[in-house]
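Next up, coords-v1.txt (compact mmCIF, C-alpha atoms):
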# COMPACT_ATOMS: atom_id res chain seq x y z
CA MET A 1 126.75 254.51 118.71
CA SER A 2 124.13 256.29 116.62
CA ALA A 3 124.99 258.41 113.60
CA ILE A 4 123.99 261.56 115.50
CA GLU A 5 126.30 260.67 118.46
CA ALA A 6 129.08 259.80 116.01
CA ILE A 7 128.79 263.20 114.36
CA VAL A 8 128.69 265.05 117.69
CA ASP A 9 131.70 263.11 118.96
CA GLU A 10 133.74 263.74 115.86
CA PRO A 11 133.79 267.41 114.88
CA VAL A 12 135.88 266.51 111.85
CA LEU A 13 132.90 264.56 110.52
CA VAL A 14 130.69 267.62 110.97
CA VAL A 15 133.18 269.84 109.17
CA ARG A 16 133.69 267.45 106.27
CA TRP A 17 129.99 266.67 105.79
CA GLY A 18 129.12 270.35 106.25
CA ALA A 19 131.59 271.33 103.56
CA VAL A 20 130.26 268.67 101.20
CA VAL A 21 126.60 269.60 101.78
CA VAL A 22 127.27 273.32 101.23
CA THR A 23 129.41 272.66 98.15
CA ALA A 24 126.73 270.43 96.62
CA PHE A 25 124.18 273.18 97.31
CA VAL A 26 126.32 275.88 95.69
CA ILE A 27 127.00 273.70 92.64
CA GLN A 28 123.30 272.86 92.33
CA VAL A 29 122.25 276.52 92.46
CA GLY A 30 125.10 277.99 90.41
CA ILE A 31 125.80 275.31 87.84
CA ALA A 32 123.77 272.10 87.80
CA SER A 33 120.37 273.81 87.68
CA GLN A 34 121.40 275.57 84.46
CA PHE A 35 122.48 272.49 82.54
CA ARG A 36 119.18 271.02 81.44
CA ILE A 37 117.82 268.46 79.04
CA ALA A 38 114.10 268.69 78.31
CA GLU A 39 114.00 271.47 80.95
CA VAL A 40 115.21 269.03 83.62
CA SER A 41 118.47 269.24 85.58
CA ALA A 42 120.34 266.95 87.97
CA GLU A 43 119.41 267.06 91.68
CA LEU A 44 122.75 266.96 93.46
CA PRO A 45 121.48 267.46 97.04
CA LEU A 46 119.14 264.49 96.56
CA LEU A 47 121.96 262.38 95.16
CA LEU A 48 124.22 263.38 98.04
CA SER A 49 121.60 262.16 100.53
CA LEU A 50 121.41 258.85 98.69
CA CYS A 51 125.19 258.51 98.61
CA ALA A 52 125.41 259.30 102.34
CA GLY A 53 122.94 256.49 102.99
CA LEU A 54 124.88 254.13 100.74
CA VAL A 55 128.23 254.93 102.32
CA ALA A 56 127.37 255.42 106.00
CA GLY A 57 123.98 253.90 106.65
CA PRO A 58 120.40 255.07 107.11
CA GLN A 59 120.91 257.58 109.91
CA ARG A 60 123.67 259.45 108.13
CA GLY A 61 121.57 259.39 104.97
CA ALA A 62 118.72 260.99 106.90
CA ILE A 63 120.93 263.67 108.53
CA VAL A 64 122.63 264.64 105.27
CA GLY A 65 119.26 264.52 103.51
CA PHE A 66 117.74 266.90 106.04
CA TRP A 67 120.44 269.56 105.75
CA SER A 68 120.82 269.21 101.98
CA GLY A 69 117.08 269.54 101.49
CA LEU A 70 116.71 272.41 103.93
CA LEU A 71 119.46 274.43 102.26
CA LEU A 72 117.91 273.89 98.85
CA ASP A 73 114.47 274.82 100.18
CA LEU A 74 115.85 278.21 101.21
CA MET A 75 116.34 279.05 97.53
CA LEU A 76 112.99 277.73 96.31
CA SER A 77 109.48 279.10 96.38
CA THR A 78 108.06 275.73 97.32
CA PRO A 79 107.19 275.16 101.02
CA LEU A 80 110.27 275.39 103.25
CA GLY A 81 111.08 271.91 104.58
CA LEU A 82 109.52 270.01 101.68
CA SER A 83 112.82 268.87 100.15
CA ALA A 84 114.21 268.26 103.64
CA LEU A 85 111.33 265.92 104.48
CA VAL A 86 111.64 263.95 101.24
CA TYR A 87 115.44 263.73 101.35
CA VAL A 88 115.37 262.52 104.98
CA ILE A 89 113.12 259.63 103.99
CA VAL A 90 114.99 258.84 100.78
CA GLY A 91 118.43 258.99 102.43
CA PHE A 92 117.23 256.76 105.26
CA CYS A 93 115.63 254.18 102.94
CA CYS A 94 118.71 254.13 100.74
CA GLY A 95 120.84 253.34 103.80
CA LEU A 96 118.46 250.52 104.72
CA ALA A 97 118.72 249.11 101.19
CA ARG A 98 122.51 249.21 101.48
CA GLU A 99 122.43 247.34 104.79
CA ALA A 100 120.09 244.71 103.43
CA VAL A 101 122.42 243.70 100.62
CA VAL A 102 126.03 242.65 101.28
CA THR A 103 127.84 243.72 98.15
CA GLU A 104 130.41 246.29 97.10
CA SER A 105 129.35 246.08 93.47
CA ARG A 106 129.47 249.50 91.82
CA ALA A 107 126.61 248.49 89.53
CA PHE A 108 124.46 247.82 92.58
CA LEU A 109 125.29 251.21 94.13
CA VAL A 110 124.56 253.04 90.88
CA ALA A 111 121.31 251.11 90.46
CA VAL A 112 120.18 251.98 94.00
CA ALA A 113 121.07 255.67 93.55
CA THR A 114 119.30 255.81 90.17
CA ALA A 115 116.17 254.13 91.51
CA GLY A 116 116.37 256.26 94.66
CA SER A 117 116.55 259.43 92.57
CA ALA A 118 113.47 258.43 90.59
CA LEU A 119 111.58 257.52 93.76
CA GLY A 120 112.79 260.70 95.42
CA MET A 121 111.30 262.82 92.64
CA LEU A 122 108.03 260.90 92.77
CA GLY A 123 108.04 261.23 96.56
CA TYR A 124 108.67 264.97 96.24
CA ALA A 125 105.70 265.30 93.89
CA ALA A 126 103.50 263.23 96.20
CA VAL A 127 104.46 265.12 99.36
CA GLY A 128 104.15 268.42 97.49
CA GLU A 129 100.62 267.43 96.56
CA LEU A 130 99.85 266.91 100.27
CA PHE A 131 100.99 270.47 100.93
CA GLY A 132 98.86 272.05 98.24
CA ARG A 133 101.11 271.94 95.16
CA ASP A 134 99.94 270.38 91.90
CA PHE A 135 103.15 268.45 91.36
CA LEU A 136 101.50 265.07 90.64
CA ARG A 137 99.50 266.73 87.87
CA GLU A 138 102.61 268.38 86.46
CA PRO A 139 102.65 267.36 82.77
CA ARG A 140 106.43 266.90 82.86
CA LEU A 141 106.36 264.64 85.93
CA TRP A 142 107.57 261.48 84.19
CA SER A 143 110.10 263.42 82.16
CA ILE A 144 111.47 264.90 85.41
CA VAL A 145 111.59 261.49 87.10
CA ALA A 146 113.35 259.86 84.14
CA TRP A 147 115.89 262.61 83.47
CA VAL A 148 116.80 263.13 87.13
CA ALA A 149 117.35 259.36 87.41
CA VAL A 150 119.62 259.43 84.35
CA PHE A 151 121.57 262.52 85.45
CA ASN A 152 121.99 261.29 89.01
CA GLY A 153 122.85 257.77 87.88
CA LEU A 154 125.70 259.18 85.81
CA LEU A 155 126.96 261.26 88.73
CA THR A 156 126.66 258.54 91.35
CA LEU A 157 130.22 257.21 91.30
CA PRO A 158 131.93 260.61 91.72
CA LEU A 159 129.52 261.56 94.50
CA LEU A 160 130.01 258.22 96.23
CA GLY A 161 133.72 259.07 96.34
CA VAL A 162 132.92 262.45 97.85
CA ALA A 163 130.59 260.88 100.43
CA ARG A 164 133.24 258.30 101.30
CA TRP A 165 135.74 261.10 101.82
CA ALA A 166 133.34 262.99 104.06
CA GLU A 167 132.71 259.87 106.14
CA THR A 168 136.18 258.34 106.36
CA GLY A 169 138.64 260.88 105.01
CA ARG A 170 139.49 258.49 102.15
CA TRP A 171 138.21 258.55 98.57
CA ARG A 172 138.20 254.80 98.09
CA THR A 173 137.18 251.83 100.20
CA ALA A 174 140.03 250.25 102.13
CA MET B 175 111.86 260.07 112.99
CA VAL B 176 113.06 263.24 114.74
CA LEU B 177 114.22 264.77 111.46
CA THR B 178 110.98 263.84 109.75
CA LEU B 179 108.98 265.56 112.48
CA LEU B 180 111.32 268.54 112.35
CA SER B 181 110.79 268.84 108.60
CA VAL B 182 107.01 268.71 108.99
CA THR B 183 107.24 271.34 111.74
CA ILE B 184 109.27 273.63 109.47
CA ILE B 185 106.74 273.19 106.66
CA THR B 186 103.94 274.07 109.08
CA LEU B 187 105.74 277.14 110.41
CA ASP B 188 106.50 278.26 106.85
CA ALA B 189 102.84 277.90 105.93
CA LYS B 190 102.02 280.23 108.84
CA ASN B 191 104.52 282.81 107.49
CA ILE B 192 106.68 282.96 110.61
CA PRO B 193 108.89 286.08 110.07
CA GLY B 194 112.20 284.43 111.02
CA LEU B 195 111.87 281.89 108.24
CA GLY B 196 111.21 284.65 105.72
CA TRP B 197 114.37 286.35 106.86
CA LEU B 198 116.32 283.10 106.35
CA HIS B 199 114.90 282.83 102.81
CA ASP B 200 115.90 286.40 102.02
CA ALA B 201 119.38 286.08 103.53
CA THR B 202 120.08 282.93 101.51
CA THR B 203 118.86 284.59 98.32
CA GLU B 204 121.01 287.66 99.00
CA VAL B 205 124.15 285.63 99.81
CA MET B 206 123.73 283.08 97.05
CA GLY B 207 122.88 285.69 94.41
CA PRO B 208 126.44 286.89 93.73
CA VAL B 209 127.82 283.36 94.10
CA GLY B 210 125.31 282.07 91.56
CA ASP B 211 126.05 285.00 89.22
CA GLY B 212 129.77 284.29 89.39
CA LEU B 213 129.37 280.60 88.69
CA SER B 214 126.85 281.32 85.99
CA ALA B 215 129.23 283.76 84.25
CA ALA B 216 132.15 281.36 84.58
CA THR B 217 130.24 278.49 83.02
CA ARG B 218 128.44 280.51 80.31
CA PRO B 219 130.61 279.29 77.39
CA LEU B 220 130.14 275.69 78.47
CA ARG B 221 126.44 276.25 78.97
CA ASN B 222 126.08 277.74 75.50
CA VAL B 223 127.69 274.64 74.02
CA TRP B 224 125.41 272.43 76.13
CA ASN B 225 122.29 274.35 75.08
CA GLY B 226 123.40 274.22 71.46
CA ILE B 227 123.64 270.44 71.65
CA THR B 228 120.59 269.65 73.75
CA GLY B 229 118.37 272.28 72.13
CA TYR B 230 119.37 271.60 68.52
CA GLY B 231 115.91 270.41 67.44
CA GLU B 232 114.23 273.37 69.07
CA LEU B 233 116.72 275.79 67.49
CA ALA B 234 116.15 274.23 64.07
CA ASP B 235 112.37 274.62 64.46
CA GLU B 236 112.79 278.21 65.64
CA ASN B 237 115.11 278.93 62.74
CA ALA B 238 112.56 277.54 60.28
CA ALA B 239 109.80 279.61 61.89
CA LEU B 240 111.93 282.76 61.73
CA ARG B 241 112.77 282.12 58.07
CA ALA B 242 109.08 281.73 57.32
CA ARG B 243 108.36 284.95 59.17
CA LEU B 244 111.14 286.75 57.28
CA ASP B 245 109.69 285.56 53.96
CA GLU B 246 106.29 286.80 55.06
CA LEU B 247 107.65 290.24 56.00
CA GLU B 248 109.61 290.55 52.77
CA ARG B 249 106.49 289.64 50.81
CA ALA B 250 104.49 292.25 52.74
CA GLU B 251 107.15 294.86 52.01
CA ILE B 252 107.03 294.06 48.33
CA GLU B 253 103.29 294.57 48.44
CA GLY B 254 103.79 297.98 49.99
CA ALA B 255 102.85 297.20 53.58
CA ASP B 256 105.70 297.45 56.02
CA ALA B 257 104.51 294.77 58.40
CA ALA B 258 107.47 295.12 60.73
CA ALA B 259 106.94 298.84 61.21
CA GLU B 260 103.24 298.30 61.74
CA LEU B 261 103.93 295.65 64.36
CA LYS B 262 106.35 297.99 66.12
CA ARG B 263 103.84 300.84 66.07
CA LEU B 264 101.06 298.65 67.45
CA ARG B 265 103.29 297.34 70.22
CA ALA B 266 104.34 300.85 71.16
CA GLU B 267 100.69 301.84 71.37
CA LEU B 268 99.93 298.77 73.40
CA GLN B 269 102.69 299.60 75.82
CA LEU B 270 101.49 303.18 76.21
CA ALA B 271 98.00 301.93 76.76
CA TYR B 272 98.88 299.83 79.75
CA ALA B 273 101.90 301.54 81.28
CA GLY B 274 100.22 304.93 81.30
CA ASP B 275 101.66 307.18 83.98
CA LEU B 276 102.92 304.30 86.08
CA ARG B 277 106.59 304.47 86.95
CA THR B 278 108.59 301.41 85.97
CA GLU B 279 111.90 299.84 86.95
CA ALA B 280 113.76 297.79 84.36
CA ALA B 281 115.38 294.61 85.61
CA GLN B 282 117.36 291.73 84.20
CA VAL B 283 116.25 288.14 84.68
CA ILE B 284 119.26 286.52 86.29
CA ALA B 285 118.26 283.02 87.22
CA GLY B 286 115.71 280.51 86.18
CA PRO B 287 114.31 277.79 88.41
CA TYR B 288 116.77 276.07 90.75
CA SER B 289 114.70 272.93 91.03
CA ASN B 290 112.76 270.82 88.57
CA PHE B 291 109.33 271.41 90.07
CA ASP B 292 109.70 275.10 90.87
CA THR B 293 109.32 276.30 87.27
CA ASN B 294 106.81 279.07 87.85
CA SER B 295 109.21 281.56 89.38
CA THR B 296 112.24 283.48 88.26
CA GLU B 297 114.71 285.87 89.84
CA ILE B 298 115.54 289.45 88.81
CA ASP B 299 118.49 291.66 89.68
CA LYS B 300 116.59 294.51 91.37
CA GLY B 301 115.10 294.62 94.84
CA SER B 302 113.79 296.93 97.52
CA ALA B 303 116.79 299.25 97.03
CA SER B 304 115.26 300.13 93.65
CA GLY B 305 111.80 300.72 95.07
CA ILE B 306 110.45 297.26 94.31
CA ALA B 307 107.98 295.75 96.76
CA VAL B 308 106.04 292.53 97.13
CA GLY B 309 102.95 292.41 94.93
CA MET B 310 104.16 294.71 92.16
CA PRO B 311 103.33 293.59 88.61
CA VAL B 312 106.10 292.47 86.27
CA VAL B 313 105.65 292.95 82.53
CA THR B 314 107.49 292.98 79.23
CA ASN B 315 106.68 295.16 76.22
CA ALA B 316 104.43 292.34 75.08
CA GLY B 317 102.39 291.91 78.24
CA LEU B 318 101.96 290.52 81.73
CA VAL B 319 104.68 288.28 83.18
CA GLY B 320 103.83 287.90 86.88
CA ARG B 321 104.12 289.63 90.21
CA ILE B 322 106.82 290.14 92.81
CA GLU B 323 106.68 287.40 95.43
CA ARG B 324 109.79 288.04 97.55
CA VAL B 325 112.12 290.99 97.81
CA THR B 326 115.59 291.43 99.22
CA PRO B 327 117.58 294.66 98.89
CA ASN B 328 119.15 293.67 95.57
CA ARG B 329 117.06 290.76 94.28
CA SER B 330 113.45 289.83 93.77
CA VAL B 331 111.64 286.60 93.05
CA VAL B 332 108.87 286.85 90.47
CA ARG B 333 105.90 284.47 90.57
CA LEU B 334 104.99 283.89 86.92
CA ILE B 335 101.38 283.94 85.73
CA SER B 336 101.84 280.37 84.47
CA ASP B 337 101.50 279.28 88.12
CA PRO B 338 98.17 277.45 88.50
CA GLN B 339 97.78 279.01 91.95
CA MET B 340 97.85 282.59 90.68
CA ALA B 341 94.42 283.80 89.62
CA VAL B 342 94.27 286.91 87.42
CA GLY B 343 91.16 288.99 86.91
CA VAL B 344 90.81 289.63 83.17
CA ARG B 345 88.63 291.48 80.69
CA LEU B 346 87.98 290.66 77.04
CA VAL B 347 88.85 293.81 75.10
CA THR B 348 86.06 293.66 72.51
CA SER B 349 83.11 292.33 74.50
CA ARG B 350 84.26 293.82 77.85
CA ASP B 351 83.29 290.54 79.55
CA LEU B 352 85.02 289.90 82.86
CA GLY B 353 86.55 286.57 83.89
CA VAL B 354 89.25 284.95 85.97
CA GLY B 355 92.23 283.22 84.40
CA ARG B 356 95.06 281.08 85.70
CA GLY B 357 98.10 279.22 84.49
CA GLY B 358 98.22 275.53 83.83
CA GLY B 359 101.85 275.10 84.87
CA PHE B 360 104.93 274.83 82.73
CA ALA B 361 104.23 274.50 78.97
CA LYS B 362 100.48 274.18 79.55
CA PRO B 363 97.97 276.71 78.23
CA TRP B 364 96.80 279.64 80.26
CA ILE B 365 93.04 279.47 80.64
CA VAL B 366 90.11 281.66 81.59
CA ASP B 367 87.66 279.25 83.19
CA ARG B 368 85.48 281.46 85.35
CA GLY B 369 83.18 284.32 84.57
CA ILE B 370 82.58 283.99 80.84
CA GLU B 371 78.99 282.82 80.42
CA LEU B 372 77.86 280.46 77.67
CA THR B 373 75.90 283.23 75.94
CA ASP B 374 78.82 285.71 75.87
CA PRO B 375 80.17 286.13 72.34
CA VAL B 376 83.89 285.32 72.31
CA LYS B 377 85.99 285.16 69.16
CA LYS B 378 89.27 283.40 68.60
CA GLY B 379 92.04 285.99 68.50
CA GLU B 380 90.33 288.36 70.92
CA THR B 381 92.72 290.21 73.18
CA VAL B 382 92.62 289.51 76.92
CA GLU B 383 93.84 292.13 79.38
CA THR B 384 93.85 292.60 83.15
CA SER B 385 90.56 293.91 84.50
CA GLY B 386 91.93 296.01 87.34
CA LEU B 387 88.74 295.77 89.35
CA GLU B 388 88.74 296.81 92.99
CA ARG B 389 91.32 294.86 95.03
CA ALA B 390 92.76 293.36 91.84
CA LEU B 391 96.37 292.16 91.89
CA PHE B 392 97.16 294.10 88.72
CA PRO B 393 96.26 297.52 87.32
CA PRO B 394 93.78 297.56 84.44
CA GLY B 395 94.71 297.22 80.79
CA ILE B 396 97.87 295.09 80.88
CA PRO B 397 97.74 292.74 77.89
CA VAL B 398 97.68 289.10 78.95
CA GLY B 399 97.34 287.40 75.57
CA GLN B 400 94.97 286.37 72.83
CA VAL B 401 92.21 283.78 72.87
CA SER B 402 93.41 280.74 70.95
CA SER B 403 90.42 278.45 71.47
CA VAL B 404 86.98 278.50 73.06
CA THR B 405 85.16 275.51 74.55
CA SER B 406 81.97 275.24 76.59
CA ASP B 407 81.76 273.78 80.07
CA ARG B 408 78.07 272.87 80.34
CA ALA B 409 78.42 271.66 83.92
CA GLU B 410 79.77 275.02 85.11
CA GLN B 411 77.70 276.99 82.57
CA THR B 412 80.80 278.86 81.44
CA GLN B 413 83.07 279.07 78.45
CA VAL B 414 86.69 278.01 78.87
CA LEU B 415 89.12 280.14 76.89
CA LYS B 416 92.63 279.03 76.13
CA VAL B 417 94.86 282.08 75.96
CA GLU B 418 98.16 282.35 74.17
CA LEU B 419 100.21 284.56 76.45
CA ALA B 420 101.54 287.80 74.98
CA ALA B 421 104.84 287.53 76.89
CA ASP B 422 107.07 284.55 76.17
CA LEU B 423 107.74 283.29 79.68
CA SER B 424 110.31 280.75 78.52
CA ARG B 425 112.61 283.43 77.12
CA LEU B 426 112.53 286.24 79.61
CA ASP B 427 115.50 288.55 79.53
CA VAL B 428 114.72 292.14 80.48
CA VAL B 429 111.47 292.89 82.28
CA GLN B 430 109.79 295.98 83.70
CA VAL B 431 108.46 296.14 87.23
CA LEU B 432 105.48 298.47 87.48
CA LEU B 433 105.89 300.47 90.69
CA TRP B 434 102.26 299.94 91.56
CA GLU B 435 100.98 298.16 94.63
CA PRO B 436 97.57 296.54 94.90
CA THR B 437 95.21 298.08 97.42
CA PRO B 438 94.91 295.79 100.45

In structure tokens, how does this file's structure come out?
Amino acid sequence: MSAIEAIVDEPVLVVRWGAVVVTAFVIQVGIASQFRIAEVSAELPLLLSLCAGLVAGPQRGAIVGFWSGLLLDLMLSTPLGLSALVYVIVGFCCGLAREAVVTESRAFLVAVATAGSALGMLGYAAVGELFGRDFLREPRLWSIVAWVAVFNGLLTLPLLGVARWAETGRWRTA
Amino acid sequence: MVLTLLSVTIITLDAKNIPGLGWLHDATTEVMGPVGDGLSAATRPLRNVWNGITGYGELADENAALRARLDELERAEIEGADAAAELKRLRAELQLAYAGDLRTEAAQVIAGPYSNFDTNSTEIDKGSASGIAVGMPVVTNAGLVGRIERVTPNRSVVRLISDPQMAVGVRLVTSRDLGVGRGGGFAKPWIVDRGIELTDPVKKGETVETSGLERALFPPGIPVGQVSSVTSDRAEQTQVLKVELAADLSRLDVVQVLLWEPTP
């Protein structure tokens, strides 16, 4: 059964993931975006996509990435759909990475989410460049990549718990 | 694959300015505005502590600069020249010079960028209910800040002039030379890289203001900044002027929207 069929068949999944995606969006807009180091803040919707991929596989990572990115795009002046596109790819790839390695090690999950956050930011800059934005020439590019990776790495474990709850209704693995 | 294609489709539709998508943008801004304000107010004490810790070096530098400035002003006062009063008078004149008879609407900057790459826009707490419309110039007492990009009834998004994609027609106050300037992005200098020929005399410190030529995005005479350096671009046969912006875009608080719309 695909992730899309699973979500359609289980309305509870839709409600829980919907609540988590909207909450992450509200926290990003109202709180996280205002706590900055070197003018850089955490990217919770991106991290949520990564955690969805880590917890529930590539398809769920892509679905959560799409909605998280699209919601965020509605608040930004960048092209609508840009974050959605990048988060779909990042969430999907993160799920593939999780499937390729059989381990429950927390260090591994944090490492994947940290690397995924850095790659997600680079991917965002690259895709933005394709759509006419000068993000790759942004002087703070590497600072953004590094700080988002640090912020998101620190927040990975709590968000993994949230993603696990959204997927299974439990905070911890059985 | 489906979601990827859907995302690309949305980007394409957005690029074509499909009205429904604009409405979605506006509705989200309008709904999220009060929510963001509430969260922002609730977390202000925590944020102040955070900014105090993470911005300590910057605050120390600013403090040192302010102390130096204070010493300078005190010295000037001792010598009989009230530099502060003079500065105030000049600024007041400057403001009169560019605001003229234009009606203005004061607004508070309520939110900075929500994302790490979208740093060339900011949000203010007034919208179409206050007479604000897309395209209107936004200024401070010091000078040009940007222009209104999106409007909802109670909010507006301002595109800052630091955006590399916003070209501004400018005039050098002394020589009256005309050029086109643009931003370099966050924390990069604002430059005038078109229109100033190699033979045009340009001095460091010269004031740059909006030209207000026909179909210009801004009315004439709004101070943009001062020339901080001049280099020659032999290939393009122009001079490239770095301009120190008059308005401090990193510390915007209260701004004025000029109720003036560019002619289409």

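The part of chain B that reaches within 6 Å of chain A is made up of Thr178, Ser181, Ile184, Ile185, Asp188, His199, Gly210, Leu213, Ser214, Tyr288 and Asn290 of chain B, counting only C-alpha atoms.
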
Please, what distance in Å, to one decimal, runs between CA of Gly120 (chain A) and CA of Leu46 (chain A)?
-> 7.5 Å

If you measure from CA of Ala56 (chain A) to CA of Gly95 (chain A), what distance in Å do you get, rounded to one decimal?
-> 7.2 Å

Step by step, gather every atom of region 33-42 of chain A that the file lists, find the box along x, y and z that holds them, add 5 Å on each side, and finally give centre and edge lengths in Å to one decimal, as lines of an AutoDock Vina configuration file.
center_x = 118.2
center_y = 271.3
center_z = 83.1
size_x = 18.5
size_y = 18.6
size_z = 19.7

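Every protein or nucleic acid residue with an atom no more than 12 Å from Ala341 (chain B), counting all atoms listed in the file and leaving out same-chain residues fewer than 6 positions away, appears here: B:Gly320, B:Arg321, B:Arg333, B:Leu334, B:Ile335, B:Gly353, B:Val354, B:Gly355, B:Arg356, B:Gly357, B:Gly358, B:Trp364, B:Ile365, B:Val366, B:Asp367, B:Arg368, B:Thr384, B:Ser385, B:Ala390, B:Leu391, B:Phe392.
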
Within 12 Å of (130.8, 271.9, 99.1) (coordinates as in the file), grab all the protein and nucleic acid residues, counting all atoms listed in the file, and write them out as a CSV table (one decimal) with C-alpha atoms, in the coordinates of the input.
chain,number,residue,atom,x,y,z
A,15,VAL,CA,133.2,269.8,109.2
A,16,ARG,CA,133.7,267.4,106.3
A,17,TRP,CA,130.0,266.7,105.8
A,18,GLY,CA,129.1,270.4,106.2
A,19,ALA,CA,131.6,271.3,103.6
A,20,VAL,CA,130.3,268.7,101.2
A,21,VAL,CA,126.6,269.6,101.8
A,22,VAL,CA,127.3,273.3,101.2
A,23,THR,CA,129.4,272.7,98.2
A,24,ALA,CA,126.7,270.4,96.6
A,25,PHE,CA,124.2,273.2,97.3
A,26,VAL,CA,126.3,275.9,95.7
A,27,ILE,CA,127.0,273.7,92.6
A,28,GLN,CA,123.3,272.9,92.3
A,29,VAL,CA,122.2,276.5,92.5
A,44,LEU,CA,122.8,267.0,93.5
A,45,PRO,CA,121.5,267.5,97.0
A,48,LEU,CA,124.2,263.4,98.0
A,68,SER,CA,120.8,269.2,102.0
A,159,LEU,CA,129.5,261.6,94.5
A,162,VAL,CA,132.9,262.4,97.8
A,163,ALA,CA,130.6,260.9,100.4
A,166,ALA,CA,133.3,263.0,104.1

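For the pair CA of Gly207 (chain B) and CA of Met340 (chain B), the interatomic distance is 25.5 Å.
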
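Near Leu50 (chain A), within 7 Å and counting only C-alpha atoms, sit Gly61, Val90, Gly91, Cys94, Ala113 and Gly116 of chain A, not including residues fewer than 6 positions from it in the same chain.
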
Sphere at (76.2, 287.1, 78.0), radius 12 Å, counting all atoms listed in the file: residues as number ranges by chain = B: 349-353, 369-376, 411-413

Pick from B:Gly301, B:Pro208, B:Pro397, B:Gly231, whichever lies nearest to Asn315 (chain B) using all atoms listed in the file |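 So, comparing all the options, the nearest one is B:Pro397.
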
Within 6 Å of Leu96 (chain A) using all atoms listed in the file, minus same-chain residues under 3 positions, as a PyMOL selection string | chain A and resi 58+93+99

For region 84-100 of chain A, which lacks atoms in the input, supply N, CA and C atoms and format the output as a short mmCIF file (atom, residue, chain, number, x, y, z; two decimals), in the coordinates of the input.
data_model
loop_
_atom_site.label_atom_id
_atom_site.label_comp_id
_atom_site.auth_asym_id
_atom_site.auth_seq_id
_atom_site.Cartn_x
_atom_site.Cartn_y
_atom_site.Cartn_z
N ALA A 84 113.59 268.87 102.46
CA ALA A 84 114.21 268.26 103.64
C ALA A 84 113.47 266.99 104.04
N LEU A 85 112.16 267.07 104.08
CA LEU A 85 111.33 265.92 104.48
C LEU A 85 111.55 264.74 103.53
N VAL A 86 111.51 265.04 102.24
CA VAL A 86 111.64 263.95 101.24
C VAL A 86 113.05 263.36 101.28
N TYR A 87 114.06 264.23 101.38
CA TYR A 87 115.44 263.73 101.35
C TYR A 87 115.78 262.92 102.60
N VAL A 88 115.18 263.31 103.75
CA VAL A 88 115.37 262.52 104.98
C VAL A 88 114.90 261.08 104.74
N ILE A 89 113.71 260.96 104.20
CA ILE A 89 113.12 259.63 103.99
C ILE A 89 113.93 258.85 102.95
N VAL A 90 114.26 259.52 101.86
CA VAL A 90 114.99 258.84 100.78
C VAL A 90 116.39 258.42 101.24
N GLY A 91 117.08 259.32 101.94
CA GLY A 91 118.43 258.99 102.43
C GLY A 91 118.39 257.83 103.41
N PHE A 92 117.38 257.83 104.27
CA PHE A 92 117.23 256.76 105.26
C PHE A 92 116.95 255.42 104.56
N CYS A 93 116.00 255.43 103.64
CA CYS A 93 115.63 254.18 102.94
C CYS A 93 116.80 253.65 102.12
N CYS A 94 117.57 254.56 101.54
CA CYS A 94 118.71 254.13 100.74
C CYS A 94 119.74 253.43 101.64
N GLY A 95 119.93 253.98 102.84
CA GLY A 95 120.84 253.34 103.80
C GLY A 95 120.34 251.97 104.20
N LEU A 96 119.03 251.83 104.38
CA LEU A 96 118.46 250.52 104.72
C LEU A 96 118.69 249.52 103.59
N ALA A 97 118.51 249.99 102.35
CA ALA A 97 118.72 249.11 101.19
C ALA A 97 120.17 248.63 101.15
N ARG A 98 121.08 249.55 101.48
CA ARG A 98 122.51 249.21 101.48
C ARG A 98 122.81 248.15 102.54
N GLU A 99 122.19 248.29 103.71
CA GLU A 99 122.43 247.34 104.79
C GLU A 99 121.84 245.96 104.50
N ALA A 100 120.78 245.97 103.69
CA ALA A 100 120.09 244.71 103.43
C ALA A 100 120.84 243.83 102.43
#
